[in-house]
Amino acid sequence: MNKKVNWGIIGLGKIAHNFASDLQRSETSQLYGVASRDLNKAKEFGKKYKAKKHFGSYETLAEDPEIDIIYVATPHVFHFENTIMCLKKSKAVLCEKPMGMNAEEVKRMIEEAKSRNLFLMEGLWTRFIPATEKVIELLEKNVFGELISMQADFGFKGDSDPESRVYNKKLGGGSLLDVGIYPIYLSLLTLGIPSDIKAMARLTKTGVDSFCALSFSYENGAKANLESTIDADTPTEAHIHGTSGSIKLHRRFHHTEKLTCLHNGVETLLDIKYKGNGYIHEIEEVNTCLLNHATESSKLPLKTTLDLSILIDRVKEKIGLDYDT
């Protein structure tokens, strides 16, 4: 592999634009190729972000021998087939969250990557945001004592059109997979796997959840209360409480730049900026892994992705949400 990692991108929607913009900031990255089913869209995207090549099909991009890794940024329901295709063509993959529609898909993706000794990671940028790194550092130092509870919410007002992506069941719509994954991931990161789950949801006429409320219980007595919605703008904050203090992740907590720590009665505001659109930190982690011939990230290992998918499956079962994949 060259000193620079050659990236390919498939699926050229909004998130791919933000990602490609941050690729320009990386000294170890080069946007080599972009692909869309619409060739003109690929041409325009490629020109905007200085890609060396553009393709009218995902398969032809994956077959280019110069590409080291492919960022899969297609709608949720296509992540499995797109990722498997890339892996079978011997390409490393960064797949946008959720990596699969269910744990079975995630298991098969991991098995495929491991059988070919290829790098695979879920695109959960939250883990690599500098403020998240700071939270992890403080928790590892036991600054707040034993964790006893956490709360997190994520809500935005979605397009009211029932045919829009967020309400479209065929595209994996609904609050749980779109934004609920962030509160759930934060609970997994801080408290681990719950021993008991309670869940309730409001389902739309299109069959997806527009609101989901979760209560997780843990063996040590800790609790997590989580919410997601595509019906309304909510604070989108997170609060983690321990026996010796607490920490607040300000809006929007999944890529926050502000933390408020309460310790020994003293409140401290930390201002921790991220670079660019925030994806650069995820990109650099992937590049480091590839340049060191690692097949997974130690910060976001495949076991965590599988645990997260199993947890989401448990929630889906509780609220009666089935995507029939």
# chains A, B, ... in the order shown; residues from 1 in each chain; ligands from 1

$ residues_around --residues "stretch 135-149 of chain A" --least-positions-apart "3" --cutoff "9 Å" --atoms "only C-alpha atoms" --output "ChimeraX atom specification"
/A:130-132,189-191,220-225,239-247,249,259,261-263

$ write_last_selection --atoms "C-alpha atoms" --output "short mmCIF file (atom, residue, chain, number, x, y, z; two decimals), in the first residue's frame"
data_model
loop_
_atom_site.label_atom_id
_atom_site.label_comp_id
_atom_site.auth_asym_id
_atom_site.auth_seq_id
_atom_site.Cartn_x
_atom_site.Cartn_y
_atom_site.Cartn_z
CA PRO A 130 -12.35 14.22 20.58
CA ALA A 131 -14.97 14.99 23.25
CA THR A 132 -16.03 11.32 23.27
CA LEU A 189 -19.84 2.33 25.67
CA THR A 190 -20.40 3.46 29.25
CA LEU A 191 -22.49 0.81 31.00
CA ASN A 220 -24.92 -3.81 39.17
CA GLY A 221 -28.18 -1.87 39.54
CA ALA A 222 -27.33 0.89 37.05
CA LYS A 223 -30.04 2.26 34.75
CA ALA A 224 -30.12 3.88 31.33
CA ASN A 225 -33.09 5.83 29.98
CA HIS A 239 -25.99 12.80 31.08
CA ILE A 240 -23.84 10.22 32.82
CA HIS A 241 -24.04 10.00 36.61
CA GLY A 242 -21.67 8.30 39.02
CA THR A 243 -21.28 8.05 42.79
CA SER A 244 -18.65 10.85 42.74
CA GLY A 245 -19.95 13.18 40.06
CA SER A 246 -21.47 13.47 36.62
CA ILE A 247 -20.78 14.56 33.08
CA LEU A 249 -22.50 15.85 26.78
CA LEU A 259 -18.71 18.74 28.20
CA CYS A 261 -18.15 17.88 34.47
CA LEU A 262 -19.40 17.95 38.07
CA HIS A 263 -16.85 16.58 40.54
#

$ residues_around --residues "A:Gly158" --least-positions-apart "2" --cutoff "12 Å" --atoms "only C-alpha atoms" --output "list in words"
Gly155, Phe156, Ser160, Asp161, Pro162, Glu163, Ser164, Arg165, Val166, Tyr167, Asn168, Gly173, Gly174, Ser175, Asp178, Val179, Ser210, Phe211, Ser228, Thr229, Ile230, Asp231, Ala232 and Asp233 of chain A

$ write_last_selection --atoms "C-alpha atoms" --output "compact mmCIF listing (two decimals), in the first residue's frame"
# COMPACT_ATOMS: atom_id res chain seq x y z
CA GLY A 155 -34.72 13.74 18.18
CA PHE A 156 -35.23 15.76 15.03
CA SER A 160 -43.45 14.74 6.93
CA ASP A 161 -43.64 13.02 3.55
CA PRO A 162 -44.33 9.33 4.29
CA GLU A 163 -42.31 8.42 1.21
CA SER A 164 -39.18 10.16 2.51
CA ARG A 165 -36.23 8.03 3.61
CA VAL A 166 -36.80 8.38 7.36
CA TYR A 167 -40.35 7.01 7.09
CA ASN A 168 -39.66 4.49 4.34
CA GLY A 173 -36.41 4.19 8.05
CA GLY A 174 -37.51 4.98 11.57
CA SER A 175 -35.95 6.66 14.58
CA ASP A 178 -31.42 6.39 12.13
CA VAL A 179 -30.71 8.15 15.44
CA SER A 210 -41.31 7.57 14.90
CA PHE A 211 -40.61 7.51 18.65
CA SER A 228 -35.19 8.67 19.92
CA THR A 229 -37.69 10.38 17.65
CA ILE A 230 -38.12 11.72 14.14
CA ASP A 231 -41.25 13.63 15.17
CA ALA A 232 -39.70 16.55 17.02
CA ASP A 233 -36.49 18.39 17.84

$ closest_residue --among "A:Phe128, A:Leu176, A:Lys318, A:Asp271" --to "A:Met200" --atoms "only C-alpha atoms"
A:Lys318

$ select_by_dssp --residues "stretch 34-94 of chain A" --states "strand (DSSP E or B)" --output "MDAnalysis selection string"
chainID A and resid 34:35 53:55 69:72 92:94

$ write_last_selection --atoms "C-alpha atoms" --output "mmCIF file, in the first residue's frame"
data_model
loop_
_atom_site.group_PDB
_atom_site.id
_atom_site.type_symbol
_atom_site.label_atom_id
_atom_site.label_comp_id
_atom_site.auth_asym_id
_atom_site.auth_seq_id
_atom_site.Cartn_x
_atom_site.Cartn_y
_atom_site.Cartn_z
ATOM 1 C CA VAL A 34 -16.609 7.597 -6.359
ATOM 2 C CA ALA A 35 -19.579 5.635 -7.640
ATOM 3 C CA LYS A 53 -12.035 8.468 -11.084
ATOM 4 C CA HIS A 54 -15.812 8.212 -11.149
ATOM 5 C CA PHE A 55 -17.919 5.142 -11.856
ATOM 6 C CA ILE A 69 -10.807 0.854 1.091
ATOM 7 C CA ILE A 70 -14.424 1.645 0.275
ATOM 8 C CA TYR A 71 -16.728 3.809 2.344
ATOM 9 C CA VAL A 72 -20.259 2.424 2.017
ATOM 10 C CA ALA A 92 -11.392 -3.182 3.008
ATOM 11 C CA VAL A 93 -14.648 -1.519 4.086
ATOM 12 C CA LEU A 94 -15.837 1.287 6.322
#

$ residues_around --residues "A:Phe78" --least-positions-apart "5" --cutoff "9 Å" --atoms "only C-alpha atoms" --output "compact mmCIF listing (two decimals) with N, CA and C atoms, in the first residue's frame"
# COMPACT_ATOMS: atom_id res chain seq x y z
N THR A 83 -21.50 -4.14 1.21
CA THR A 83 -20.28 -4.49 1.95
C THR A 83 -19.77 -5.87 1.55
N GLY A 100 -25.42 -3.36 9.69
CA GLY A 100 -26.38 -4.28 9.09
C GLY A 100 -27.78 -4.00 9.61
N MET A 101 -28.77 -4.57 8.95
CA MET A 101 -30.15 -4.39 9.40
C MET A 101 -30.48 -5.25 10.61
N LEU A 171 -36.36 1.37 3.03
CA LEU A 171 -35.03 1.96 3.10
C LEU A 171 -34.46 1.93 4.52

$ atom_distance --atom1 "atom CA of A:Val315" --atom2 "atom CA of A:Leu186"
15.3 Å

$ atom_distance --atom1 "atom CA of A:Leu120" --atom2 "atom CA of A:His79"
12.4 Å

$ residues_around --residues "A:Ala213" --least-positions-apart "4" --cutoff "6 Å" --atoms "only C-alpha atoms" --output "MDAnalysis selection string"
chainID A and resid 199:200 226:227

$ residues_around --residues "A:Val286" --least-positions-apart "3" --cutoff "10 Å" --atoms "only C-alpha atoms" --output "ChimeraX atom specification"
/A:5,69,92-94,119-121,123,280-283,289-292,294-297

$ select_by_dssp --residues "stretch 40-199 of chain A" --states "alpha helix (DSSP H)" --output "PyMOL selection string"
chain A and resi 40-48+58-62+79-88+103-115+130-140+175+181-191

$ write_last_selection --atoms "C-alpha atoms" --output "mmCIF file, in the first residue's frame"
data_model
loop_
_atom_site.group_PDB
_atom_site.id
_atom_site.type_symbol
_atom_site.label_atom_id
_atom_site.label_comp_id
_atom_site.auth_asym_id
_atom_site.auth_seq_id
_atom_site.Cartn_x
_atom_site.Cartn_y
_atom_site.Cartn_z
ATOM 1 C CA ASN A 40 -23.619 12.195 -13.971
ATOM 2 C CA LYS A 41 -23.993 12.357 -10.198
ATOM 3 C CA ALA A 42 -20.690 10.491 -9.831
ATOM 4 C CA LYS A 43 -19.007 12.902 -12.246
ATOM 5 C CA GLU A 44 -20.264 15.978 -10.372
ATOM 6 C CA PHE A 45 -19.355 14.524 -6.973
ATOM 7 C CA GLY A 46 -15.923 13.450 -8.192
ATOM 8 C CA LYS A 47 -15.186 16.858 -9.654
ATOM 9 C CA LYS A 48 -16.244 18.651 -6.468
ATOM 10 C CA TYR A 58 -20.503 0.125 -7.435
ATOM 11 C CA GLU A 59 -19.044 -3.084 -8.828
ATOM 12 C CA THR A 60 -16.671 -1.365 -11.257
ATOM 13 C CA LEU A 61 -15.364 0.878 -8.484
ATOM 14 C CA ALA A 62 -14.762 -2.171 -6.269
ATOM 15 C CA HIS A 79 -25.238 -1.982 3.629
ATOM 16 C CA PHE A 80 -25.078 -5.768 3.779
ATOM 17 C CA GLU A 81 -25.104 -6.472 0.047
ATOM 18 C CA ASN A 82 -22.786 -3.552 -0.749
ATOM 19 C CA THR A 83 -20.281 -4.489 1.946
ATOM 20 C CA ILE A 84 -20.265 -8.186 1.060
ATOM 21 C CA MET A 85 -19.709 -7.283 -2.596
ATOM 22 C CA CYS A 86 -16.741 -5.068 -1.710
ATOM 23 C CA LEU A 87 -15.215 -7.678 0.592
ATOM 24 C CA LYS A 88 -15.574 -10.369 -2.071
ATOM 25 C CA ALA A 103 -27.253 -9.105 13.948
ATOM 26 C CA GLU A 104 -27.311 -11.962 11.439
ATOM 27 C CA GLU A 105 -26.208 -9.632 8.638
ATOM 28 C CA VAL A 106 -23.480 -8.186 10.851
ATOM 29 C CA LYS A 107 -22.227 -11.677 11.752
ATOM 30 C CA ARG A 108 -21.993 -12.629 8.084
ATOM 31 C CA MET A 109 -20.157 -9.417 7.208
ATOM 32 C CA ILE A 110 -17.638 -10.013 9.996
ATOM 33 C CA GLU A 111 -17.162 -13.631 8.940
ATOM 34 C CA GLU A 112 -16.570 -12.573 5.333
ATOM 35 C CA ALA A 113 -14.001 -9.957 6.341
ATOM 36 C CA LYS A 114 -12.176 -12.328 8.681
ATOM 37 C CA SER A 115 -12.117 -15.145 6.137
ATOM 38 C CA PRO A 130 -12.354 14.220 20.582
ATOM 39 C CA ALA A 131 -14.973 14.988 23.247
ATOM 40 C CA THR A 132 -16.033 11.317 23.267
ATOM 41 C CA GLU A 133 -12.380 10.365 23.694
ATOM 42 C CA LYS A 134 -12.257 12.718 26.698
ATOM 43 C CA VAL A 135 -15.354 11.127 28.234
ATOM 44 C CA ILE A 136 -13.764 7.686 27.882
ATOM 45 C CA GLU A 137 -10.529 8.972 29.454
ATOM 46 C CA LEU A 138 -12.397 10.398 32.464
ATOM 47 C CA LEU A 139 -14.428 7.222 32.936
ATOM 48 C CA GLU A 140 -11.312 5.059 32.737
ATOM 49 C CA SER A 175 -35.952 6.660 14.584
ATOM 50 C CA ILE A 181 -28.451 3.912 17.585
ATOM 51 C CA TYR A 182 -26.497 6.824 19.114
ATOM 52 C CA PRO A 183 -28.040 6.761 22.619
ATOM 53 C CA ILE A 184 -27.865 2.963 22.573
ATOM 54 C CA TYR A 185 -24.205 3.020 21.546
ATOM 55 C CA LEU A 186 -23.375 5.513 24.297
ATOM 56 C CA SER A 187 -25.052 3.242 26.847
ATOM 57 C CA LEU A 188 -23.038 0.290 25.537
ATOM 58 C CA LEU A 189 -19.839 2.331 25.668
ATOM 59 C CA THR A 190 -20.397 3.464 29.255
ATOM 60 C CA LEU A 191 -22.489 0.807 31.000
#

$ closest_residue --among "A:Gly13, A:Ile129, A:Lys91, A:Leu118" --to "A:Glu284" --atoms "only C-alpha atoms"
A:Ile129

$ atom_distance --atom1 "atom CA of A:Pro75" --atom2 "atom CA of A:Ala20"
16.9 Å

$ closest_residue --among "A:Leu39, A:Ile197, A:Ile10, A:Ile272" --to "A:Leu311" --atoms "only C-alpha atoms"
A:Ile197

$ closest_residue --among "A:Arg127, A:Lys198, A:Lys205, A:Lys4" --to "A:Lys299" --atoms "only C-alpha atoms"
A:Arg127

$ decode --residues "stretch 235-258 of chain A" --atoms "N, CA and C atoms" --output "PDB file, in the first residue's frame"
ATOM      1  N   PRO A 235     -33.663  17.930  23.016  1.00  0.00           N
ATOM      2  CA  PRO A 235     -32.362  18.470  23.450  1.00  0.00           C
ATOM      3  C   PRO A 235     -31.151  17.760  22.849  1.00  0.00           C
ATOM      4  N   THR A 236     -31.257  16.457  22.611  1.00  0.00           N
ATOM      5  CA  THR A 236     -30.153  15.672  22.043  1.00  0.00           C
ATOM      6  C   THR A 236     -28.891  15.840  22.896  1.00  0.00           C
ATOM      7  N   GLU A 237     -29.077  15.567  24.177  1.00  0.00           N
ATOM      8  CA  GLU A 237     -28.001  15.641  25.156  1.00  0.00           C
ATOM      9  C   GLU A 237     -27.842  14.280  25.824  1.00  0.00           C
ATOM     10  N   ALA A 238     -26.749  14.136  26.523  1.00  0.00           N
ATOM     11  CA  ALA A 238     -26.531  12.922  27.311  1.00  0.00           C
ATOM     12  C   ALA A 238     -25.983  13.303  28.675  1.00  0.00           C
ATOM     13  N   HIS A 239     -26.422  12.574  29.696  1.00  0.00           N
ATOM     14  CA  HIS A 239     -25.991  12.803  31.076  1.00  0.00           C
ATOM     15  C   HIS A 239     -25.564  11.468  31.664  1.00  0.00           C
ATOM     16  N   ILE A 240     -24.373  11.431  32.213  1.00  0.00           N
ATOM     17  CA  ILE A 240     -23.840  10.219  32.821  1.00  0.00           C
ATOM     18  C   ILE A 240     -23.561  10.525  34.287  1.00  0.00           C
ATOM     19  N   HIS A 241     -24.139   9.728  35.189  1.00  0.00           N
ATOM     20  CA  HIS A 241     -24.039   9.995  36.614  1.00  0.00           C
ATOM     21  C   HIS A 241     -23.303   8.869  37.332  1.00  0.00           C
ATOM     22  N   GLY A 242     -22.390   9.271  38.205  1.00  0.00           N
ATOM     23  CA  GLY A 242     -21.667   8.304  39.018  1.00  0.00           C
ATOM     24  C   GLY A 242     -21.786   8.656  40.487  1.00  0.00           C
ATOM     25  N   THR A 243     -21.203   7.831  41.344  1.00  0.00           N
ATOM     26  CA  THR A 243     -21.281   8.054  42.789  1.00  0.00           C
ATOM     27  C   THR A 243     -20.436   9.248  43.238  1.00  0.00           C
ATOM     28  N   SER A 244     -19.520   9.728  42.364  1.00  0.00           N
ATOM     29  CA  SER A 244     -18.645  10.846  42.738  1.00  0.00           C
ATOM     30  C   SER A 244     -18.808  12.068  41.851  1.00  0.00           C
ATOM     31  N   GLY A 245     -19.769  12.041  40.948  1.00  0.00           N
ATOM     32  CA  GLY A 245     -19.952  13.178  40.057  1.00  0.00           C
ATOM     33  C   GLY A 245     -20.707  12.804  38.809  1.00  0.00           C
ATOM     34  N   SER A 246     -20.715  13.716  37.850  1.00  0.00           N
ATOM     35  CA  SER A 246     -21.470  13.467  36.621  1.00  0.00           C
ATOM     36  C   SER A 246     -20.835  14.233  35.469  1.00  0.00           C
ATOM     37  N   ILE A 247     -21.250  13.867  34.273  1.00  0.00           N
ATOM     38  CA  ILE A 247     -20.775  14.564  33.077  1.00  0.00           C
ATOM     39  C   ILE A 247     -21.939  14.720  32.104  1.00  0.00           C
ATOM     40  N   LYS A 248     -22.032  15.898  31.518  1.00  0.00           N
ATOM     41  CA  LYS A 248     -23.063  16.198  30.519  1.00  0.00           C
ATOM     42  C   LYS A 248     -22.396  16.374  29.167  1.00  0.00           C
ATOM     43  N   LEU A 249     -22.917  15.673  28.167  1.00  0.00           N
ATOM     44  CA  LEU A 249     -22.503  15.853  26.782  1.00  0.00           C
ATOM     45  C   LEU A 249     -23.532  16.772  26.131  1.00  0.00           C
ATOM     46  N   HIS A 250     -23.110  17.970  25.775  1.00  0.00           N
ATOM     47  CA  HIS A 250     -24.036  18.978  25.257  1.00  0.00           C
ATOM     48  C   HIS A 250     -24.517  18.616  23.850  1.00  0.00           C
ATOM     49  N   ARG A 251     -25.554  19.321  23.415  1.00  0.00           N
ATOM     50  CA  ARG A 251     -26.158  19.129  22.096  1.00  0.00           C
ATOM     51  C   ARG A 251     -25.111  19.323  20.991  1.00  0.00           C
ATOM     52  N   ARG A 252     -25.125  18.539  19.953  1.00  0.00           N
ATOM     53  CA  ARG A 252     -25.662  17.201  19.849  1.00  0.00           C
ATOM     54  C   ARG A 252     -24.615  16.249  20.368  1.00  0.00           C
ATOM     55  N   PHE A 253     -25.009  15.461  21.340  1.00  0.00           N
ATOM     56  CA  PHE A 253     -24.041  14.696  22.117  1.00  0.00           C
ATOM     57  C   PHE A 253     -23.210  13.737  21.276  1.00  0.00           C
ATOM     58  N   HIS A 254     -23.754  13.280  20.138  1.00  0.00           N
ATOM     59  CA  HIS A 254     -23.021  12.269  19.365  1.00  0.00           C
ATOM     60  C   HIS A 254     -21.819  12.851  18.618  1.00  0.00           C
ATOM     61  N   HIS A 255     -21.749  14.187  18.531  1.00  0.00           N
ATOM     62  CA  HIS A 255     -20.528  14.822  18.042  1.00  0.00           C
ATOM     63  C   HIS A 255     -20.344  16.159  18.761  1.00  0.00           C
ATOM     64  N   THR A 256     -20.461  16.101  20.068  1.00  0.00           N
ATOM     65  CA  THR A 256     -20.412  17.315  20.876  1.00  0.00           C
ATOM     66  C   THR A 256     -19.016  17.925  20.916  1.00  0.00           C
ATOM     67  N   GLU A 257     -18.992  19.220  21.204  1.00  0.00           N
ATOM     68  CA  GLU A 257     -17.733  19.925  21.428  1.00  0.00           C
ATOM     69  C   GLU A 257     -17.684  20.527  22.830  1.00  0.00           C
ATOM     70  N   LYS A 258     -18.717  20.237  23.635  1.00  0.00           N
ATOM     71  CA  LYS A 258     -18.772  20.775  24.996  1.00  0.00           C
ATOM     72  C   LYS A 258     -19.171  19.688  26.002  1.00  0.00           C
TER      73      LYS A 258
END
